[in-house]
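**Student:** This is final.txt, which holds compact mmCIF, C-alpha atoms and all ligand atoms:
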```
# COMPACT_ATOMS: atom_id res chain seq x y z
CA MET R 16 24.86 -28.07 10.27
CA ALA R 17 23.11 -24.73 10.08
CA THR R 18 23.39 -22.65 13.20
CA ALA R 19 20.36 -20.79 14.39
CA THR R 20 21.01 -17.18 15.24
CA LEU R 21 19.25 -14.77 17.53
CA VAL R 22 18.38 -11.13 17.01
CA LEU R 23 16.91 -8.63 19.38
CA ASN R 24 13.14 -8.58 19.12
CA PRO R 25 12.48 -5.42 17.07
CA PHE R 26 9.27 -4.92 19.01
CA LEU R 27 11.03 -4.63 22.30
CA SER R 28 10.85 -1.41 24.23
CA ALA R 29 13.25 -0.76 27.10
CA ARG R 30 12.67 1.91 29.67
CA GLU R 31 14.50 2.86 32.82
CA GLN R 32 12.21 3.17 35.80
CA PRO R 33 12.41 5.69 38.65
CA ASP R 34 13.56 2.94 41.03
CA GLY R 35 16.57 2.22 38.82
CA SER R 36 15.27 -0.99 37.32
CA LEU R 37 15.07 -1.60 33.59
CA LEU R 38 11.59 -2.48 32.37
CA LEU R 39 11.46 -4.38 29.09
CA LYS R 40 8.26 -4.91 27.18
CA ALA R 41 7.90 -7.00 24.12
CA ALA R 42 4.97 -7.77 21.88
CA ARG R 43 4.73 -10.80 19.70
CA ARG R 44 2.34 -12.05 17.07
CA GLY R 45 -1.17 -12.28 18.38
CA GLY R 46 -0.75 -9.17 20.53
CA MET R 47 0.68 -11.07 23.49
CA ARG R 48 2.60 -8.68 25.69
CA ILE R 49 5.48 -9.67 27.90
CA GLU R 50 7.09 -7.59 30.60
CA THR R 51 10.44 -8.30 32.19
CA ARG R 52 12.12 -6.25 34.85
CA PHE R 53 15.87 -6.26 35.34
CA GLY R 54 16.90 -4.82 38.66
CA PRO R 55 15.31 -4.58 42.10
CA GLY R 56 13.15 -7.63 42.63
CA GLY R 57 13.90 -9.07 39.20
CA LEU R 58 16.65 -10.70 37.21
CA SER R 59 20.19 -9.41 37.53
CA ARG R 60 20.29 -6.15 35.66
CA ASP R 61 23.96 -6.46 34.73
CA TRP R 62 23.37 -9.86 33.22
CA GLY R 63 20.32 -8.72 31.30
CA GLU R 64 21.96 -5.60 29.95
CA ALA R 65 25.04 -7.50 28.84
CA ILE R 66 22.89 -9.92 26.84
CA LEU R 67 20.81 -7.16 25.30
CA ASP R 68 23.95 -5.21 24.34
CA ARG R 69 25.33 -8.23 22.53
CA LEU R 70 22.07 -8.83 20.74
CA ALA R 71 21.71 -5.18 19.76
CA ALA R 72 25.26 -5.13 18.39
CA GLY R 73 24.46 -7.81 15.84
CA ARG R 74 23.48 -11.38 15.46
CA VAL R 75 25.00 -13.73 17.95
CA GLU R 76 25.04 -17.46 17.94
CA PRO R 77 23.01 -19.05 20.69
CA THR R 78 26.04 -21.03 21.70
CA GLY R 79 27.78 -17.77 22.55
CA LEU R 80 25.27 -16.99 25.27
CA PRO R 81 25.23 -18.23 28.85
CA PRO R 82 23.50 -21.63 29.03
CA GLN R 83 20.41 -20.23 30.71
CA ALA R 84 20.03 -17.32 28.29
CA LEU R 85 18.61 -18.80 25.12
CA PRO R 86 15.38 -20.37 26.36
CA LEU R 87 14.79 -17.47 28.73
CA LEU R 88 15.27 -14.78 26.11
CA ILE R 89 13.01 -16.50 23.62
CA ARG R 90 10.39 -17.33 26.21
CA GLN R 91 10.35 -13.73 27.37
CA GLY R 92 10.03 -12.47 23.82
CA LEU R 93 13.20 -10.41 24.17
CA ALA R 94 14.91 -12.25 21.37
CA LEU R 95 13.72 -13.98 18.23
CA LEU R 96 15.26 -16.63 16.08
CA ASP R 97 16.11 -14.93 12.81
CA THR R 98 13.61 -17.02 10.87
CA GLU R 99 10.80 -15.49 12.94
CA LEU R 100 11.59 -12.05 11.57
CA ASP R 101 10.26 -12.80 8.11
CA GLY R 102 7.23 -10.68 7.47
CA LEU R 103 7.54 -8.47 10.52
CA PRO R 104 6.90 -4.84 9.62
CA GLY R 105 9.81 -2.43 9.49
CA PHE R 106 10.12 1.28 8.98
CA ARG R 107 12.01 2.92 6.16
CA VAL R 108 11.87 6.40 4.69
CA PRO R 109 13.27 6.45 1.18
CA LEU R 110 14.33 9.74 -0.29
CA ALA R 111 14.59 9.31 -4.01
CA ALA R 112 14.59 11.83 -6.81
CA GLY R 113 11.93 11.33 -9.45
CA ALA R 114 12.57 10.61 -13.10
CA ALA R 115 15.14 12.97 -14.58
CA GLU R 116 13.42 15.83 -16.35
CA GLY R 117 16.45 17.69 -17.59
CA GLY R 118 16.55 21.44 -17.36
CA GLU R 119 18.80 23.85 -15.54
CA PRO R 120 20.19 22.96 -12.10
CA VAL R 121 18.38 24.75 -9.28
CA PRO R 122 20.22 26.70 -6.57
CA LEU R 123 18.94 25.70 -3.13
CA LEU R 124 19.74 26.27 0.51
CA ALA R 125 19.56 23.59 3.18
CA THR R 126 16.88 24.16 5.79
CA GLY R 127 18.86 22.57 8.57
CA SER R 128 21.94 20.50 9.06
CA LEU R 129 23.02 16.94 8.86
CA CYS R 130 23.82 15.57 12.26
CA PRO R 131 25.36 12.45 13.73
CA ALA R 132 23.07 9.65 14.76
CA PRO R 133 21.46 10.64 18.05
CA HIS R 134 22.27 8.34 20.90
CA VAL R 135 19.15 6.58 22.00
CA SER R 136 19.19 3.12 23.51
CA LEU R 137 16.50 1.65 21.35
CA PRO R 138 16.10 -1.39 19.15
CA TRP R 139 17.57 -0.04 15.94
CA ARG R 140 17.35 -3.13 13.81
CA CYS R 141 13.79 -2.60 12.68
CA VAL R 142 14.41 0.94 11.49
CA LEU R 143 17.88 0.46 10.08
CA SER R 144 16.99 -2.32 7.70
CA GLY R 145 17.52 0.04 4.78
CA GLY R 146 21.18 0.62 5.64
CA GLU R 147 22.81 3.61 7.26
CA PRO R 148 20.45 6.59 7.41
CA LEU R 149 21.36 10.24 6.96
CA TRP R 150 20.16 12.21 9.98
CA HIS R 151 18.80 15.70 9.42
CA GLN R 152 17.39 18.35 11.71
CA ARG R 153 15.60 21.55 10.77
CA PRO R 154 15.86 24.42 13.26
CA GLY R 155 13.49 23.74 16.14
CA GLY R 156 12.41 20.47 14.57
CA PRO R 157 12.78 16.77 15.23
CA VAL R 158 15.87 14.79 14.23
CA LEU R 159 14.72 12.59 11.36
CA PRO R 160 16.38 9.66 9.55
CA TRP R 161 16.43 9.46 5.75
CA TRP R 162 17.59 6.77 3.40
CA PRO R 163 18.46 8.88 0.33
CA ASP R 164 19.34 7.60 -3.10
CA PRO R 165 22.82 8.61 -4.35
CA ALA R 166 21.59 11.78 -6.10
CA CYS R 167 19.72 13.06 -3.04
CA ARG R 168 22.52 12.05 -0.69
CA ALA R 169 25.09 13.96 -2.77
CA ALA R 170 22.83 17.03 -2.94
CA LEU R 171 22.19 17.03 0.81
CA ARG R 172 25.87 16.68 1.63
CA SER R 173 26.69 19.49 -0.78
CA LEU R 174 24.02 21.81 0.62
CA ASP R 175 25.17 21.06 4.15
CA THR R 176 28.43 22.88 3.42
CA GLN R 177 26.39 26.14 3.43
CA ILE R 178 27.58 26.90 -0.08
CA PRO R 179 24.56 27.03 -2.40
CA THR R 180 25.11 24.33 -4.95
CA PRO R 181 22.78 23.95 -7.95
CA VAL R 182 21.14 20.52 -8.03
CA PRO R 183 19.22 18.74 -10.80
CA PRO R 184 15.53 19.74 -11.05
CA ASP R 185 14.20 16.31 -10.05
CA VAL R 186 16.39 16.25 -6.93
CA ALA R 187 15.41 19.84 -6.15
CA ALA R 188 11.72 18.95 -6.35
CA THR R 189 12.22 16.11 -3.87
CA LEU R 190 14.22 18.19 -1.40
CA LEU R 191 11.69 21.04 -1.58
CA ARG R 192 8.73 18.69 -1.09
CA GLU R 193 10.25 17.10 2.02
CA GLY R 194 11.28 20.45 3.51
CA LEU R 195 14.98 19.65 3.34
CA ALA R 196 15.82 22.70 1.20
CA VAL R 197 14.41 26.07 0.17
CA PRO R 198 15.11 28.15 -2.94
CA VAL R 199 17.97 30.60 -2.61
CA GLY R 200 16.44 33.83 -1.37
CA GLY R 201 13.65 31.94 0.40
CA ALA R 202 13.29 31.75 4.13
CA ALA R 203 14.05 28.64 6.20
CA PRO R 204 11.86 29.26 9.23
CA SER R 205 12.03 27.31 12.46
CA VAL R 206 9.72 24.30 12.32
CA THR R 207 8.16 25.17 15.63
CA GLY R 208 8.18 28.92 14.88
CA GLY R 209 6.30 31.07 17.36
CA GLY R 210 4.65 28.04 18.90
CA ARG R 211 6.37 28.53 22.25
CA GLU R 212 4.46 31.73 22.98
CA ALA R 213 1.15 30.15 21.96
CA LEU R 214 1.75 27.05 24.09
CA ALA R 215 2.73 29.16 27.11
CA ALA R 216 -0.28 31.43 26.72
CA GLN R 217 -3.05 28.94 26.00
CA GLY R 218 -1.68 25.51 26.86
CA PHE R 219 -1.88 24.13 23.33
CA VAL R 220 -0.56 24.85 19.86
CA LEU R 221 -1.02 23.36 16.41
CA VAL R 222 2.24 22.91 14.47
CA PRO R 223 1.68 22.36 10.74
CA GLY R 224 3.77 19.85 8.79
CA LEU R 225 5.78 18.32 11.63
CA LEU R 226 6.09 15.08 9.66
CA PRO R 227 7.40 15.51 6.08
CA PRO R 228 5.33 13.71 3.39
CA ALA R 229 7.71 10.75 3.02
CA HIS R 230 7.81 10.17 6.78
CA LEU R 231 4.04 10.42 6.92
CA ALA R 232 3.70 7.76 4.20
CA ALA R 233 6.16 5.49 6.05
CA TRP R 234 4.18 5.87 9.27
CA GLN R 235 0.92 5.07 7.52
CA ALA R 236 2.35 1.87 6.08
CA TYR R 237 3.99 0.92 9.39
CA ALA R 238 0.82 1.48 11.45
CA ASP R 239 -1.21 -0.60 9.00
CA ALA R 240 1.41 -3.36 9.15
CA LEU R 241 1.37 -3.45 12.96
CA VAL R 242 -2.40 -3.90 13.02
CA ALA R 243 -2.32 -6.49 10.23
CA ALA R 244 0.42 -8.45 12.03
CA GLY R 245 -1.71 -8.67 15.16
CA LEU R 246 0.80 -6.74 17.22
CA THR R 247 -1.68 -4.16 18.46
CA GLU R 248 -4.21 -4.60 21.23
CA HIS R 249 -7.87 -4.13 20.45
CA SER R 250 -10.07 -2.41 22.96
CA ALA R 251 -13.67 -1.29 22.70
CA LYS R 252 -13.88 0.09 26.23
CA ALA R 253 -13.49 3.87 25.97
CA ALA R 254 -13.17 3.94 22.21
CA ASP R 255 -13.09 1.22 19.59
CA ARG R 256 -9.42 1.15 18.68
CA ASP R 257 -6.24 -0.81 18.08
CA THR R 258 -3.39 0.45 20.25
CA TYR R 259 0.31 -0.13 20.81
CA HIS R 260 1.83 1.23 24.00
CA GLY R 261 5.54 1.82 23.41
CA ASP R 262 6.01 0.35 19.96
CA PRO R 263 9.70 0.45 18.96
CA VAL R 264 9.44 3.05 16.19
CA GLY R 265 7.08 5.22 18.22
CA THR R 266 9.55 5.03 21.08
CA LEU R 267 12.34 6.01 18.69
CA PHE R 268 10.31 9.03 17.53
CA LEU R 269 9.57 9.92 21.15
CA HIS R 270 13.31 10.60 21.48
CA LEU R 271 13.73 12.14 18.03
CA PHE R 272 10.93 14.66 18.66
CA ARG R 273 12.27 15.64 22.07
CA PRO R 274 14.16 18.72 20.66
CA ALA R 275 10.95 19.95 19.00
CA ALA R 276 8.92 19.39 22.17
CA GLU R 277 11.54 21.22 24.22
CA ALA R 278 11.64 24.12 21.73
CA LEU R 279 7.89 24.51 22.12
CA ALA R 280 7.83 24.03 25.88
CA GLY R 281 10.82 26.34 26.36
CA ARG R 282 12.33 23.99 28.92
CA PRO R 283 14.07 20.61 29.14
CA LEU R 284 11.77 17.62 28.95
CA VAL R 285 12.12 13.90 29.57
CA PRO R 286 10.41 11.39 27.27
CA SER R 287 7.87 9.18 29.04
CA TYR R 288 6.17 6.95 26.47
CA ALA R 289 4.73 6.70 22.96
CA PHE R 290 1.20 5.49 22.25
CA LEU R 291 -0.07 4.57 18.81
CA SER R 292 -3.84 4.51 18.46
CA ALA R 293 -5.81 3.43 15.38
CA TYR R 294 -9.45 4.34 15.94
CA ARG R 295 -12.24 2.49 14.26
CA ALA R 296 -15.60 3.83 13.07
CA ALA R 297 -17.91 5.48 15.62
CA SER R 298 -15.13 5.90 18.20
CA ALA R 299 -15.36 8.91 20.48
CA LEU R 300 -13.07 10.23 23.19
CA ASP R 301 -15.00 11.59 26.14
CA GLU R 302 -13.65 14.73 27.72
CA HIS R 303 -10.87 13.84 30.15
CA LEU R 304 -7.59 14.89 31.76
CA ASP R 305 -4.41 12.88 31.26
CA ARG R 306 -2.32 10.83 33.70
CA PRO R 307 0.87 12.10 35.41
CA PRO R 308 3.36 10.83 32.75
CA CYS R 309 1.57 13.00 30.15
CA GLU R 310 2.57 16.51 31.27
CA TYR R 311 3.12 17.50 27.62
CA THR R 312 1.59 15.54 24.76
CA LEU R 313 2.74 15.85 21.16
CA SER R 314 -0.04 14.36 19.04
CA LEU R 315 0.80 13.53 15.44
CA HIS R 316 -2.11 12.80 13.15
CA ILE R 317 -0.79 9.91 11.09
CA ASP R 318 -3.70 8.73 9.00
CA HIS R 319 -7.40 9.00 8.24
CA ARG R 320 -9.53 6.91 5.92
CA PRO R 321 -10.91 7.92 3.59
CA ARG R 322 -7.92 10.20 3.06
CA PRO R 323 -9.04 13.85 3.26
CA ASP R 324 -7.83 16.54 0.82
CA GLY R 325 -7.76 19.10 3.59
CA PRO R 326 -8.07 18.93 7.37
CA VAL R 327 -8.94 15.61 8.99
CA PRO R 328 -12.70 15.63 9.73
CA TRP R 329 -12.15 14.54 13.34
CA PRO R 330 -11.08 17.53 15.43
CA LEU R 331 -9.33 17.53 18.77
CA ARG R 332 -11.35 19.63 21.21
CA ILE R 333 -9.47 21.36 24.00
CA ARG R 334 -11.19 23.33 26.74
CA PRO R 335 -8.90 26.27 27.67
CA GLY R 336 -10.72 27.00 30.93
CA PRO R 337 -13.49 25.62 33.13
CA ASP R 338 -16.08 28.12 31.87
CA THR R 339 -14.84 28.26 28.31
CA ALA R 340 -16.20 26.46 25.28
CA PRO R 341 -13.79 23.92 23.76
CA VAL R 342 -11.55 25.04 20.91
CA GLU R 343 -11.63 22.74 17.87
CA LEU R 344 -8.22 21.98 16.37
CA ARG R 345 -8.40 20.63 12.85
CA CYS R 346 -5.14 19.01 11.73
CA ARG R 347 -4.01 17.97 8.32
CA LEU R 348 -2.22 14.64 8.15
CA GLY R 349 1.36 15.17 9.33
CA ASP R 350 0.44 18.12 11.55
CA GLY R 351 1.13 18.01 15.26
CA VAL R 352 -0.61 19.41 18.31
CA VAL R 353 1.26 19.97 21.56
CA PHE R 354 -0.98 20.41 24.57
CA ARG R 355 -1.04 20.29 28.37
CA GLY R 356 -3.38 17.35 28.76
CA ARG R 357 -2.99 17.25 32.56
CA ARG R 358 -4.50 20.70 32.87
CA LEU R 359 -6.83 21.14 29.90
CA PRO R 360 -9.82 18.83 29.42
CA HIS R 361 -9.82 17.44 25.89
CA SER R 362 -11.99 15.19 23.76
CA ARG R 363 -12.87 14.12 20.24
CA PRO R 364 -16.38 13.81 18.77
CA ARG R 365 -17.74 10.56 17.37
CA LEU R 366 -15.71 9.35 14.39
CA PRO R 367 -17.95 9.36 11.30
CA GLU R 368 -19.34 5.95 10.35
CA GLY R 369 -17.00 4.26 7.90
CA ASP R 370 -13.97 6.37 8.85
CA ARG R 371 -10.77 5.29 10.60
CA SER R 372 -8.18 7.57 12.14
CA THR R 373 -4.68 6.99 13.52
CA THR R 374 -2.68 9.15 15.90
CA LEU R 375 0.74 8.81 17.49
CA LEU R 376 0.94 10.38 20.94
CA LEU R 377 4.38 11.28 22.31
CA HIS R 378 4.38 12.09 26.01
CA TYR R 379 6.93 14.09 28.01
CA VAL R 380 7.42 15.11 31.64
CA HIS R 381 9.53 17.64 33.54
CA PRO R 382 13.03 16.49 34.61
CA ASP R 383 12.07 16.62 38.31
CA TYR R 384 9.10 14.29 37.74
CA ARG R 385 9.22 11.19 39.92
CA GLY R 386 6.65 8.64 38.96
CA PRO R 387 5.84 5.94 36.43
CA LEU R 388 6.93 6.66 32.86
CA ASP R 389 4.35 4.52 31.12
FE FE P 401 -5.85 12.47 26.71
```
How does the structure come out when it is put into structure tokens?
**Tutor:**
Amino acid sequence: MATATLVLNPFLSAREQPDGSLLLKAARRGGMRIETRFGPGGLSRDWGEAILDRLAAGRVEPTGLPPQALPLLIRQGLALLDTELDGLPGFRVPLAAGAAEGGEPVPLLATGSLCPAPHVSLPWRCVLSGGEPLWHQRPGGPVLPWWPDPACRAALRSLDTQIPTPVPPDVAATLLREGLAVPVGGAAPSVTGGGREALAAQGFVLVPGLLPPAHLAAWQAYADALVAAGLTEHSAKAADRDTYHGDPVGTLFLHLFRPAAEALAGRPLVPSYAFLSAYRAASALDEHLDRPPCEYTLSLHIDHRPRPDGPVPWPLRIRPGPDTAPVELRCRLGDGVVFRGRRLPHSRPRLPEGDRSTTLLLHYVHPDYRGPLD
């Protein structure tokens, strides 16, 4: 007899609350959202964490769980039977050299270093479906996962020894395009560069190319898949958009971008929440200030349709002072803007008819912040 197995719902987000409880949110097909709290006033936190640990560690047979666990976990959307996973969107960033072109090997330098997998207590299954990633961090930049083909993996490991090693031209082209290497003699500047001074002085800064091209493409496909799978919520209240508060990959990136956000802010920060927003035609964002968990916002412009050659034709407007005209920030896809949305009123004009635009907002607070994190 076939045994059904359970896996952790890849669309689960888990977040510790200021009162010490563990808040779990899960979304399922149709956009239904479930919240469960382990801790004060809720289920036993120890019990819940033990179950989630076992699920996160790999598939477990339902019979291995406490008798009350199976129906509860499924009902709460915290676990899924493995057959339910078919067709759910994942996230994978391949790094593959193009067709071999021959020619002389190219001497390159790595722009950063390989690093061990960062410890974040997140649902890894949906992002690790491509096997073990190689983690890489450029100076001042986010920690990003890659799934390289053998040629790229060998080149990256070789470059990481700090000894310039010539690599085949097709591999070199890939590493240069994704910002993982520079030509010998070239500069490998910090990703966030002089952004700290600009952010301190004016409360906002545009950081070009925060998301490498392959990561940008993966995000575009993932965001489309979330909407198509009915896992986003549609709202036409403030703006006509499909949103996902705390999607698993966005929550992962919230943690992975923390070093970059801290480099820009010049101080330690604590992640609060990620918010994916796919705007539909004629959407506008009225001028507003943000809520307390949004002390710093890192806005990544993920997509725009039709795809622009240059800057996205939907600027972010930030008002630096009460008597000052708004500044228009025009991002290219993959660029990021970090801004103090609690202090500076910001808005977007009406999205042109027929256009769509998608942003991922990563929010951070100061370590002494005591309040809701979502
Ligand atoms: Fe805002």
**Student:** Could you give me, as a ChimeraX atom specification, the residues within 6 Å of stretch 289-295 of chain R, counting all atoms listed in the file and dropping anything in the same chain fewer than 4 positions from it?
**Tutor:** /R:255-261,265-266,371-377
**Student:** Pick out the residues no farther than 12 Å from ligand FE 401 (chain P), counting all atoms listed in the file, and list them as JSON, numbers by chain.
**Tutor:** {"R": [253, 290, 292, 299, 300, 301, 302, 303, 304, 305, 306, 307, 308, 309, 310, 311, 312, 313, 314, 331, 332, 333, 353, 354, 355, 356, 357, 358, 359, 360, 361, 362, 363, 374, 375, 376, 377, 378]}
**Student:** Can you pull out the residues contacting R:Ala111? Cut-off 10 Å, using only C-alpha atoms, and skip same-chain residues under 2 positions away; I want them as a list in words.
**Tutor:**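 Returned residues: Val108, Pro109, Gly113, Ala114, Trp161, Trp162, Pro163, Asp164, Pro165, Ala166, Cys167, Arg168, Asp185, Val186, Thr189, Leu190 and Ala229 of chain R.
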**Student:** Env of R:Cys346: 9 Å cut, atoms = all atoms listed in the file, seq-sep filter 2 positions within chain, self excluded. Answer as a ChimeraX atom specification.
**Tutor:** /R:221-223,315-316,325-331,344,348-352
**Student:** Considering all atoms listed in the file, state which residue in the set R:Glu147, R:Asp389, R:Asp262, R:Asp370 is at the smallest distance from R:Leu246.
**Tutor:**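 Checking each candidate against R:Leu246, we get R:Asp262 as the closest.
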**Student:** Considering only C-alpha atoms, state which residue in the set R:Ala94, R:Leu37, R:Ala232, R:Ala243 is at the smallest distance from R:Ala71.
**Tutor:**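 So, comparing all the options, the nearest one is R:Ala94.
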**Student:** Report the distance between atom CA of R:Pro274 and atom CA of R:Thr247 in Å, rounded to one decimal place.
**Tutor:** 27.9 Å
**Student:** Could you check how far atom CA of R:Leu39 sits from atom CA of R:Pro148, in Å to one decimal?
**Tutor:** 25.9 Å
**Student:** Return the single residue from R:Thr339, R:Ser205, R:Ser287, R:Asn24 that is closest to R:Leu67, with distances computed using all atoms listed in the file.
**Tutor:**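 Between R:Thr339, R:Ser205, R:Ser287, R:Asn24, the residue approaching R:Leu67 most closely is R:Asn24.
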**Student:** Hey, can you check how far atom CA of R:Ala340 sits from atom CA of R:Leu366?
**Tutor:**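 Distance reported for this atom pair: 20.3 Å.
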**Student:** Counting all atoms listed in the file, which of R:Gln152, R:Gln217, R:Thr176, R:Ser128 gets nearest to R:Arg334?
**Tutor:**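 Result for the nearest residue to R:Arg334: R:Gln217.
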**Student:** Smallest atom-to-atom distance to R:Ile317: which of R:Glu343, R:Glu50, R:Glu248, R:Asp239, using only C-alpha atoms?
**Tutor:**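 Checking each of R:Glu343, R:Glu50, R:Glu248, R:Asp239 against R:Ile317, counting only C-alpha atoms, the winner is R:Asp239.
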